[in-house]
Amino acid sequence: MKFFIDTANLNDIAEAQALGVLDGVTTNPSLMAKEGISGKANILKHYQDICNIVDGDVSAEVIATDFDNMVKEGEELAALHSQIVVKLPMIADGVKACKYFSDKGIKTNVTLVFSPGQALLAAKAGATYMSPFLGRLDDISTDGLHLIAEIRQIYDNYGFETQILSASVRNTMHVINCAKIGSDVMTGPLSSITGLLKHPLTDSGLAKFLEDYKKGN
Ligand code: E4P
């Protein structure tokens with residue numbers, strides 16, 4: 001399973017990249033705002049800065065909600081860097097734009113997916129990635145993992161090549177459960193990746209090994 005980090009924070013991206021397990025980055029307008037990035041020139045530069053840190057795909061979301069402007073904005077984003085993936089919302093014009101970019105060989109990520117039907121439409125439109133929002137479903141007492149399992153089955157039934165990018169991952173259990181279900185990618189905060197390192201038996205075991213080494217050296 002690929003590990004993407006879901007942030008626009010350059011330090012977090014650099015830390016995950018340095019760990020050697022990072023496959024890409026996802027951003028959204030809220031994450032960019034959280035880092036205080038605003039204004040077109042600053043936003044475009046920030047995407048380039050992210051691409052220069054990570055070896056892998058970087059999702060950059062369009063703001064437009066109509067086909068013509070999605071295409072215009074998406075083409076501008078895609079021209080920024082070869083690692084840019086055009087992120088499009090799961091609305092009718094987003095699906096049309098996804099088909100347009102897929103036909104041109106430009107990578108896409110269809111975002112804000114909350115149902116199997118939406119996932120099917122994204123795959124039919126040739127999306128590179130399709131992002132079901134696991135955490136946001138859990139937030140409203142709906143089983144987000146069940147949605148991902150349903151989409152896995154549908155995609156496998158027909159051999160769709162669209163990758164399931166489990167998004168809105170919030171913790172390490174989400175990561176592990178996504179891996180068990182067969183999600184192609186997961187995207188979450190740095191803590192969802194570094195949290196996988198932690199086990200008290202690892203810490204106590206290492207302390208004992210070092211202590212025993214010191215006794216004889
Ligand atoms: C997906 O690409 C989104 O950026 C993200 O995963 C949303 O996560 P959130 O529900 O924690 O905001």
# chains A, B, ... in the order shown; residues from 1 in each chain; ligands from 1
call {"tool": "closest_atom_pairs", "arguments": {"of": "segment 25-126 of chain A", "to": "segment 155-179 of chain A", "cutoff": "9 Å", "atoms": "only C-alpha atoms", "output": "Markdown table"}}
result
| residue | atom | partner | partner_atom | distance |
| --- | --- | --- | --- | --- |
| A:Thr26 | CA | A:Ala167 | CA | 8.9 |
| A:Asn109 | CA | A:Leu165 | CA | 8.5 |
| A:Thr111 | CA | A:Ala167 | CA | 8.6 |
| A:Leu112 | CA | A:Ala167 | CA | 8.9 |
| A:Ala119 | CA | A:Ile164 | CA | 8.8 |
| A:Leu120 | CA | A:Tyr155 | CA | 7.8 |
| A:Ala122 | CA | A:Thr162 | CA | 7.9 |
| A:Ala123 | CA | A:Thr162 | CA | 5.5 |
| A:Lys124 | CA | A:Phe160 | CA | 8.1 |
| A:Gly126 | CA | A:Thr162 | CA | 6.7 |
call {"tool": "write_last_selection", "arguments": {"atoms": "N, CA and C atoms", "output": "PDB file, in the first residue's frame"}}
result
ATOM      1  N   THR A  26      -1.068  14.532  -0.544  1.00  0.00           N
ATOM      2  CA  THR A  26      -2.360  15.092  -0.946  1.00  0.00           C
ATOM      3  C   THR A  26      -2.549  16.409  -0.213  1.00  0.00           C
ATOM      4  N   ASN A 109      -7.184  12.874  -9.448  1.00  0.00           N
ATOM      5  CA  ASN A 109      -7.631  12.330  -8.168  1.00  0.00           C
ATOM      6  C   ASN A 109      -9.040  12.871  -7.941  1.00  0.00           C
ATOM      7  N   THR A 111     -12.006  13.527  -5.698  1.00  0.00           N
ATOM      8  CA  THR A 111     -12.084  13.641  -4.245  1.00  0.00           C
ATOM      9  C   THR A 111     -13.521  13.828  -3.770  1.00  0.00           C
ATOM     10  N   LEU A 112     -13.686  13.706  -2.454  1.00  0.00           N
ATOM     11  CA  LEU A 112     -14.992  13.839  -1.803  1.00  0.00           C
ATOM     12  C   LEU A 112     -15.936  12.724  -2.239  1.00  0.00           C
ATOM     13  N   ALA A 119     -17.774   6.168  -6.575  1.00  0.00           N
ATOM     14  CA  ALA A 119     -16.487   5.512  -6.876  1.00  0.00           C
ATOM     15  C   ALA A 119     -16.525   4.873  -8.263  1.00  0.00           C
ATOM     16  N   LEU A 120     -17.675   4.303  -8.606  1.00  0.00           N
ATOM     17  CA  LEU A 120     -17.850   3.668  -9.921  1.00  0.00           C
ATOM     18  C   LEU A 120     -17.739   4.720 -11.029  1.00  0.00           C
ATOM     19  N   ALA A 122     -16.144   7.571 -10.906  1.00  0.00           N
ATOM     20  CA  ALA A 122     -14.752   8.041 -11.007  1.00  0.00           C
ATOM     21  C   ALA A 122     -13.926   7.060 -11.837  1.00  0.00           C
ATOM     22  N   ALA A 123     -14.132   5.768 -11.602  1.00  0.00           N
ATOM     23  CA  ALA A 123     -13.377   4.754 -12.353  1.00  0.00           C
ATOM     24  C   ALA A 123     -13.771   4.781 -13.832  1.00  0.00           C
ATOM     25  N   LYS A 124     -15.081   4.914 -14.093  1.00  0.00           N
ATOM     26  CA  LYS A 124     -15.542   4.975 -15.487  1.00  0.00           C
ATOM     27  C   LYS A 124     -14.941   6.174 -16.232  1.00  0.00           C
ATOM     28  N   GLY A 126     -12.043   7.222 -15.748  1.00  0.00           N
ATOM     29  CA  GLY A 126     -10.606   6.992 -15.932  1.00  0.00           C
ATOM     30  C   GLY A 126      -9.720   7.630 -14.879  1.00  0.00           C
TER      31      GLY A 126
END
call {"tool": "residues_near_ligand", "arguments": {"ligand": "ligand 1", "cutoff": "9 Å", "atoms": "only C-alpha atoms and all ligand atoms", "output": "PDB file with N, CA, C and O atoms, in the first residue's frame"}}
result
ATOM      1  N   ILE A   5       1.068  11.519   2.417  1.00  0.00           N
ATOM      2  CA  ILE A   5       0.826  12.363   3.589  1.00  0.00           C
ATOM      3  C   ILE A   5      -0.158  13.452   3.191  1.00  0.00           C
ATOM      4  O   ILE A   5      -0.072  14.010   2.102  1.00  0.00           O
ATOM      5  N   ASP A   6      -1.122  13.682   4.079  1.00  0.00           N
ATOM      6  CA  ASP A   6      -2.231  14.592   3.796  1.00  0.00           C
ATOM      7  C   ASP A   6      -1.978  15.919   4.509  1.00  0.00           C
ATOM      8  O   ASP A   6      -2.481  16.145   5.605  1.00  0.00           O
ATOM      9  N   THR A   7      -1.173  16.757   3.901  1.00  0.00           N
ATOM     10  CA  THR A   7      -0.805  18.027   4.534  1.00  0.00           C
ATOM     11  C   THR A   7      -0.161  18.941   3.506  1.00  0.00           C
ATOM     12  O   THR A   7       0.316  18.473   2.463  1.00  0.00           O
ATOM     13  N   VAL A  25       1.894  13.022  -1.800  1.00  0.00           N
ATOM     14  CA  VAL A  25       1.266  14.027  -0.924  1.00  0.00           C
ATOM     15  C   VAL A  25      -0.123  14.350  -1.469  1.00  0.00           C
ATOM     16  O   VAL A  25      -0.320  14.414  -2.678  1.00  0.00           O
ATOM     17  N   THR A  26      -1.068  14.532  -0.544  1.00  0.00           N
ATOM     18  CA  THR A  26      -2.360  15.092  -0.946  1.00  0.00           C
ATOM     19  C   THR A  26      -2.549  16.409  -0.213  1.00  0.00           C
ATOM     20  O   THR A  26      -2.164  16.536   0.945  1.00  0.00           O
ATOM     21  N   THR A  27      -3.120  17.378  -0.913  1.00  0.00           N
ATOM     22  CA  THR A  27      -3.455  18.660  -0.289  1.00  0.00           C
ATOM     23  C   THR A  27      -4.910  18.952  -0.624  1.00  0.00           C
ATOM     24  O   THR A  27      -5.516  18.274  -1.450  1.00  0.00           O
ATOM     25  N   ASN A  28      -5.455  19.930   0.065  1.00  0.00           N
ATOM     26  CA  ASN A  28      -6.772  20.456  -0.302  1.00  0.00           C
ATOM     27  C   ASN A  28      -6.790  21.929   0.110  1.00  0.00           C
ATOM     28  O   ASN A  28      -5.875  22.387   0.806  1.00  0.00           O
ATOM     29  N   PRO A  29      -7.789  22.692  -0.305  1.00  0.00           N
ATOM     30  CA  PRO A  29      -7.795  24.128   0.013  1.00  0.00           C
ATOM     31  C   PRO A  29      -7.759  24.392   1.523  1.00  0.00           C
ATOM     32  O   PRO A  29      -7.146  25.381   1.956  1.00  0.00           O
ATOM     33  N   SER A  30      -8.355  23.518   2.324  1.00  0.00           N
ATOM     34  CA  SER A  30      -8.338  23.723   3.781  1.00  0.00           C
ATOM     35  C   SER A  30      -6.927  23.546   4.327  1.00  0.00           C
ATOM     36  O   SER A  30      -6.482  24.297   5.207  1.00  0.00           O
ATOM     37  N   LEU A  31      -6.223  22.541   3.823  1.00  0.00           N
ATOM     38  CA  LEU A  31      -4.850  22.287   4.298  1.00  0.00           C
ATOM     39  C   LEU A  31      -3.908  23.423   3.883  1.00  0.00           C
ATOM     40  O   LEU A  31      -3.000  23.777   4.629  1.00  0.00           O
ATOM     41  N   SER A  59      -1.135  15.730  -5.118  1.00  0.00           N
ATOM     42  CA  SER A  59      -2.471  16.145  -5.545  1.00  0.00           C
ATOM     43  C   SER A  59      -2.698  17.625  -5.261  1.00  0.00           C
ATOM     44  O   SER A  59      -2.535  18.074  -4.128  1.00  0.00           O
ATOM     45  N   GLU A  61      -5.634  20.549  -5.753  1.00  0.00           N
ATOM     46  CA  GLU A  61      -7.086  20.593  -6.005  1.00  0.00           C
ATOM     47  C   GLU A  61      -7.514  21.865  -6.738  1.00  0.00           C
ATOM     48  O   GLU A  61      -7.070  22.969  -6.390  1.00  0.00           O
ATOM     49  N   LYS A  87      -6.604  17.337  -8.803  1.00  0.00           N
ATOM     50  CA  LYS A  87      -7.624  16.835  -7.876  1.00  0.00           C
ATOM     51  C   LYS A  87      -8.953  17.527  -8.177  1.00  0.00           C
ATOM     52  O   LYS A  87      -9.022  18.771  -8.194  1.00  0.00           O
ATOM     53  N   ASN A 109      -7.184  12.874  -9.448  1.00  0.00           N
ATOM     54  CA  ASN A 109      -7.631  12.330  -8.168  1.00  0.00           C
ATOM     55  C   ASN A 109      -9.040  12.871  -7.941  1.00  0.00           C
ATOM     56  O   ASN A 109      -9.215  14.081  -7.767  1.00  0.00           O
ATOM     57  N   VAL A 110     -10.035  11.989  -7.993  1.00  0.00           N
ATOM     58  CA  VAL A 110     -11.415  12.435  -7.759  1.00  0.00           C
ATOM     59  C   VAL A 110     -11.688  12.368  -6.261  1.00  0.00           C
ATOM     60  O   VAL A 110     -11.593  11.303  -5.646  1.00  0.00           O
ATOM     61  N   THR A 111     -12.006  13.527  -5.698  1.00  0.00           N
ATOM     62  CA  THR A 111     -12.084  13.641  -4.245  1.00  0.00           C
ATOM     63  C   THR A 111     -13.521  13.828  -3.770  1.00  0.00           C
ATOM     64  O   THR A 111     -14.430  14.032  -4.572  1.00  0.00           O
ATOM     65  N   LEU A 112     -13.686  13.706  -2.454  1.00  0.00           N
ATOM     66  CA  LEU A 112     -14.992  13.839  -1.803  1.00  0.00           C
ATOM     67  C   LEU A 112     -15.936  12.724  -2.239  1.00  0.00           C
ATOM     68  O   LEU A 112     -17.090  12.958  -2.588  1.00  0.00           O
ATOM     69  N   SER A 131     -10.726   9.124  -4.134  1.00  0.00           N
ATOM     70  CA  SER A 131     -10.540   9.295  -2.688  1.00  0.00           C
ATOM     71  C   SER A 131     -11.832   9.179  -1.881  1.00  0.00           C
ATOM     72  O   SER A 131     -12.601  10.147  -1.769  1.00  0.00           O
ATOM     73  N   PRO A 132     -12.075   7.996  -1.289  1.00  0.00           N
ATOM     74  CA  PRO A 132     -13.187   7.891  -0.334  1.00  0.00           C
ATOM     75  C   PRO A 132     -12.740   8.426   1.018  1.00  0.00           C
ATOM     76  O   PRO A 132     -11.626   8.148   1.460  1.00  0.00           O
ATOM     77  N   PHE A 133     -13.594   9.233   1.684  1.00  0.00           N
ATOM     78  CA  PHE A 133     -13.236   9.918   2.934  1.00  0.00           C
ATOM     79  C   PHE A 133     -13.651   9.079   4.133  1.00  0.00           C
ATOM     80  O   PHE A 133     -14.739   9.240   4.689  1.00  0.00           O
ATOM     81  N   LEU A 134     -12.732   8.224   4.536  1.00  0.00           N
ATOM     82  CA  LEU A 134     -12.967   7.296   5.646  1.00  0.00           C
ATOM     83  C   LEU A 134     -13.331   7.995   6.959  1.00  0.00           C
ATOM     84  O   LEU A 134     -14.368   7.716   7.577  1.00  0.00           O
ATOM     85  N   GLY A 135     -12.481   8.908   7.396  1.00  0.00           N
ATOM     86  CA  GLY A 135     -12.678   9.554   8.697  1.00  0.00           C
ATOM     87  C   GLY A 135     -13.966  10.354   8.772  1.00  0.00           C
ATOM     88  O   GLY A 135     -14.656  10.341   9.792  1.00  0.00           O
ATOM     89  N   ARG A 136     -14.294  11.042   7.688  1.00  0.00           N
ATOM     90  CA  ARG A 136     -15.503  11.880   7.724  1.00  0.00           C
ATOM     91  C   ARG A 136     -16.763  11.025   7.797  1.00  0.00           C
ATOM     92  O   ARG A 136     -17.789  11.478   8.328  1.00  0.00           O
ATOM     93  N   LEU A 137     -16.729   9.809   7.248  1.00  0.00           N
ATOM     94  CA  LEU A 137     -17.875   8.907   7.406  1.00  0.00           C
ATOM     95  C   LEU A 137     -17.945   8.404   8.842  1.00  0.00           C
ATOM     96  O   LEU A 137     -19.005   8.389   9.459  1.00  0.00           O
ATOM     97  N   ASP A 139     -16.962   9.954  11.343  1.00  0.00           N
ATOM     98  CA  ASP A 139     -17.415  11.097  12.160  1.00  0.00           C
ATOM     99  C   ASP A 139     -18.935  11.154  12.277  1.00  0.00           C
ATOM    100  O   ASP A 139     -19.457  11.697  13.247  1.00  0.00           O
ATOM    101  N   LEU A 165      -7.676   5.527  -3.089  1.00  0.00           N
ATOM    102  CA  LEU A 165      -6.801   6.354  -2.231  1.00  0.00           C
ATOM    103  C   LEU A 165      -7.617   6.669  -0.972  1.00  0.00           C
ATOM    104  O   LEU A 165      -8.387   7.636  -0.949  1.00  0.00           O
ATOM    105  N   SER A 166      -7.497   5.822   0.022  1.00  0.00           N
ATOM    106  CA  SER A 166      -8.295   6.026   1.235  1.00  0.00           C
ATOM    107  C   SER A 166      -7.849   7.314   1.907  1.00  0.00           C
ATOM    108  O   SER A 166      -6.699   7.438   2.323  1.00  0.00           O
ATOM    109  N   ALA A 167      -8.784   8.263   1.984  1.00  0.00           N
ATOM    110  CA  ALA A 167      -8.464   9.596   2.487  1.00  0.00           C
ATOM    111  C   ALA A 167      -9.168   9.849   3.809  1.00  0.00           C
ATOM    112  O   ALA A 167      -9.953   9.016   4.274  1.00  0.00           O
ATOM    113  N   SER A 168      -8.834  11.008   4.385  1.00  0.00           N
ATOM    114  CA  SER A 168      -9.428  11.341   5.687  1.00  0.00           C
ATOM    115  C   SER A 168      -9.089  10.250   6.710  1.00  0.00           C
ATOM    116  O   SER A 168      -9.877   9.951   7.594  1.00  0.00           O
ATOM    117  N   VAL A 169      -7.899   9.682   6.517  1.00  0.00           N
ATOM    118  CA  VAL A 169      -7.356   8.723   7.492  1.00  0.00           C
ATOM    119  C   VAL A 169      -6.897   9.542   8.692  1.00  0.00           C
ATOM    120  O   VAL A 169      -6.266  10.581   8.530  1.00  0.00           O
ATOM    121  N   ARG A 170      -7.248   9.098   9.876  1.00  0.00           N
ATOM    122  CA  ARG A 170      -6.954   9.934  11.050  1.00  0.00           C
ATOM    123  C   ARG A 170      -5.979   9.290  12.031  1.00  0.00           C
ATOM    124  O   ARG A 170      -5.416   9.961  12.882  1.00  0.00           O
ATOM    125  N   MET A 186      -3.104   5.081   1.054  1.00  0.00           N
ATOM    126  CA  MET A 186      -3.796   5.771   2.145  1.00  0.00           C
ATOM    127  C   MET A 186      -3.158   7.132   2.288  1.00  0.00           C
ATOM    128  O   MET A 186      -1.952   7.294   2.031  1.00  0.00           O
ATOM    129  N   THR A 187      -3.966   8.138   2.666  1.00  0.00           N
ATOM    130  CA  THR A 187      -3.384   9.438   2.972  1.00  0.00           C
ATOM    131  C   THR A 187      -3.860   9.902   4.330  1.00  0.00           C
ATOM    132  O   THR A 187      -5.054   9.863   4.632  1.00  0.00           O
ATOM    133  N   GLY A 188      -2.888  10.288   5.160  1.00  0.00           N
ATOM    134  CA  GLY A 188      -3.218  10.735   6.510  1.00  0.00           C
ATOM    135  C   GLY A 188      -2.150  11.678   7.015  1.00  0.00           C
ATOM    136  O   GLY A 188      -1.144  11.929   6.347  1.00  0.00           O
ATOM    137  N   PRO A 189      -2.341  12.208   8.232  1.00  0.00           N
ATOM    138  CA  PRO A 189      -1.343  13.112   8.807  1.00  0.00           C
ATOM    139  C   PRO A 189      -0.065  12.369   9.154  1.00  0.00           C
ATOM    140  O   PRO A 189      -0.049  11.129   9.225  1.00  0.00           O
TER     141      PRO A 189
END
call {"tool": "select_by_dssp", "arguments": {"residues": "segment 58-185 of chain A", "states": "strand (DSSP E)", "output": "list in words"}}
result
Val58, Ser59, Ala60, Glu61, Ile84, Val85, Val86, Lys87, Leu88, Pro89, Thr108, Asn109, Val110, Thr111, Leu112, Val113, Tyr129, Met130, Ser131, Pro132, Gln163, Ile164, Leu165, Ser166 and Val185 of chain A
call {"tool": "write_last_selection", "arguments": {"atoms": "C-alpha atoms", "output": "short mmCIF file (atom, residue, chain, number, x, y, z; two decimals), in the first residue's frame"}}
result
data_model
loop_
_atom_site.label_atom_id
_atom_site.label_comp_id
_atom_site.auth_asym_id
_atom_site.auth_seq_id
_atom_site.Cartn_x
_atom_site.Cartn_y
_atom_site.Cartn_z
CA VAL A 58 1.26 15.49 -5.39
CA SER A 59 -2.47 16.14 -5.55
CA ALA A 60 -3.38 19.79 -6.20
CA GLU A 61 -7.09 20.59 -6.00
CA ILE A 84 1.22 17.10 -10.04
CA VAL A 85 -2.07 15.18 -9.99
CA VAL A 86 -5.17 17.26 -10.74
CA LYS A 87 -7.62 16.83 -7.88
CA LEU A 88 -11.26 17.23 -8.89
CA PRO A 89 -14.44 17.16 -6.80
CA THR A 108 -6.33 12.83 -11.69
CA ASN A 109 -7.63 12.33 -8.17
CA VAL A 110 -11.42 12.43 -7.76
CA THR A 111 -12.08 13.64 -4.25
CA LEU A 112 -14.99 13.84 -1.80
CA VAL A 113 -16.23 10.33 -2.55
CA TYR A 129 -6.95 7.93 -7.94
CA MET A 130 -10.37 8.01 -6.27
CA SER A 131 -10.54 9.29 -2.69
CA PRO A 132 -13.19 7.89 -0.33
CA GLN A 163 -6.43 3.34 -7.40
CA ILE A 164 -8.40 3.49 -4.17
CA LEU A 165 -6.80 6.35 -2.23
CA SER A 166 -8.29 6.03 1.23
CA VAL A 185 -3.07 4.07 -1.14
#
call {"tool": "closest_residue", "arguments": {"among": "A:Phe209, A:Asp93, A:Ala149, A:Ser102", "to": "Ser115 of chain A", "atoms": "only C-alpha atoms"}}
result
A:Ala149
call {"tool": "atom_distance", "arguments": {"atom1": "atom CA of Tyr47 of chain A", "atom2": "atom CA of His81 of chain A"}}
result
8.5 Å
call {"tool": "select_by_dssp", "arguments": {"residues": "chain A", "states": "alpha helix (DSSP H)", "output": "count of residues only"}}
result
118
call {"tool": "residues_around", "arguments": {"residues": "segment 12-14 of chain A", "least_positions_apart": "3", "cutoff": "10 Å", "atoms": "only C-alpha atoms", "output": "ChimeraX atom specification"}}
result
/A:4-9,17-19,22,24-25,50,52-54,189-191
call {"tool": "atom_distance", "arguments": {"atom1": "atom CA of Leu210 of chain A", "atom2": "atom CA of Leu197 of chain A"}}
result
18.9 Å
call {"tool": "atom_distance", "arguments": {"atom1": "atom CA of Ile91 of chain A", "atom2": "atom CA of Lys2 of chain A"}}
result
26.0 Å
call {"tool": "residues_around", "arguments": {"residues": "segment 73-80 of chain A", "least_positions_apart": "6", "cutoff": "8 Å", "atoms": "only C-alpha atoms", "output": "PyMOL selection string"}}
result
chain A and resi 44+48+60+62-64+86+106
call {"tool": "write_last_selection", "arguments": {"atoms": "C-alpha atoms", "output": "tab-separated table (two decimals), in the first residue's frame"}}
result
chain	number	residue	atom	x	y	z
A	44	LEU	CA	1.43	27.58	-7.20
A	48	GLN	CA	6.34	23.35	-6.56
A	60	ALA	CA	-3.38	19.79	-6.20
A	62	VAL	CA	-8.94	22.87	-8.41
A	63	ILE	CA	-11.17	25.58	-6.96
A	64	ALA	CA	-13.39	25.91	-10.05
A	86	VAL	CA	-5.17	17.26	-10.74
A	106	ILE	CA	-2.89	13.77	-17.16
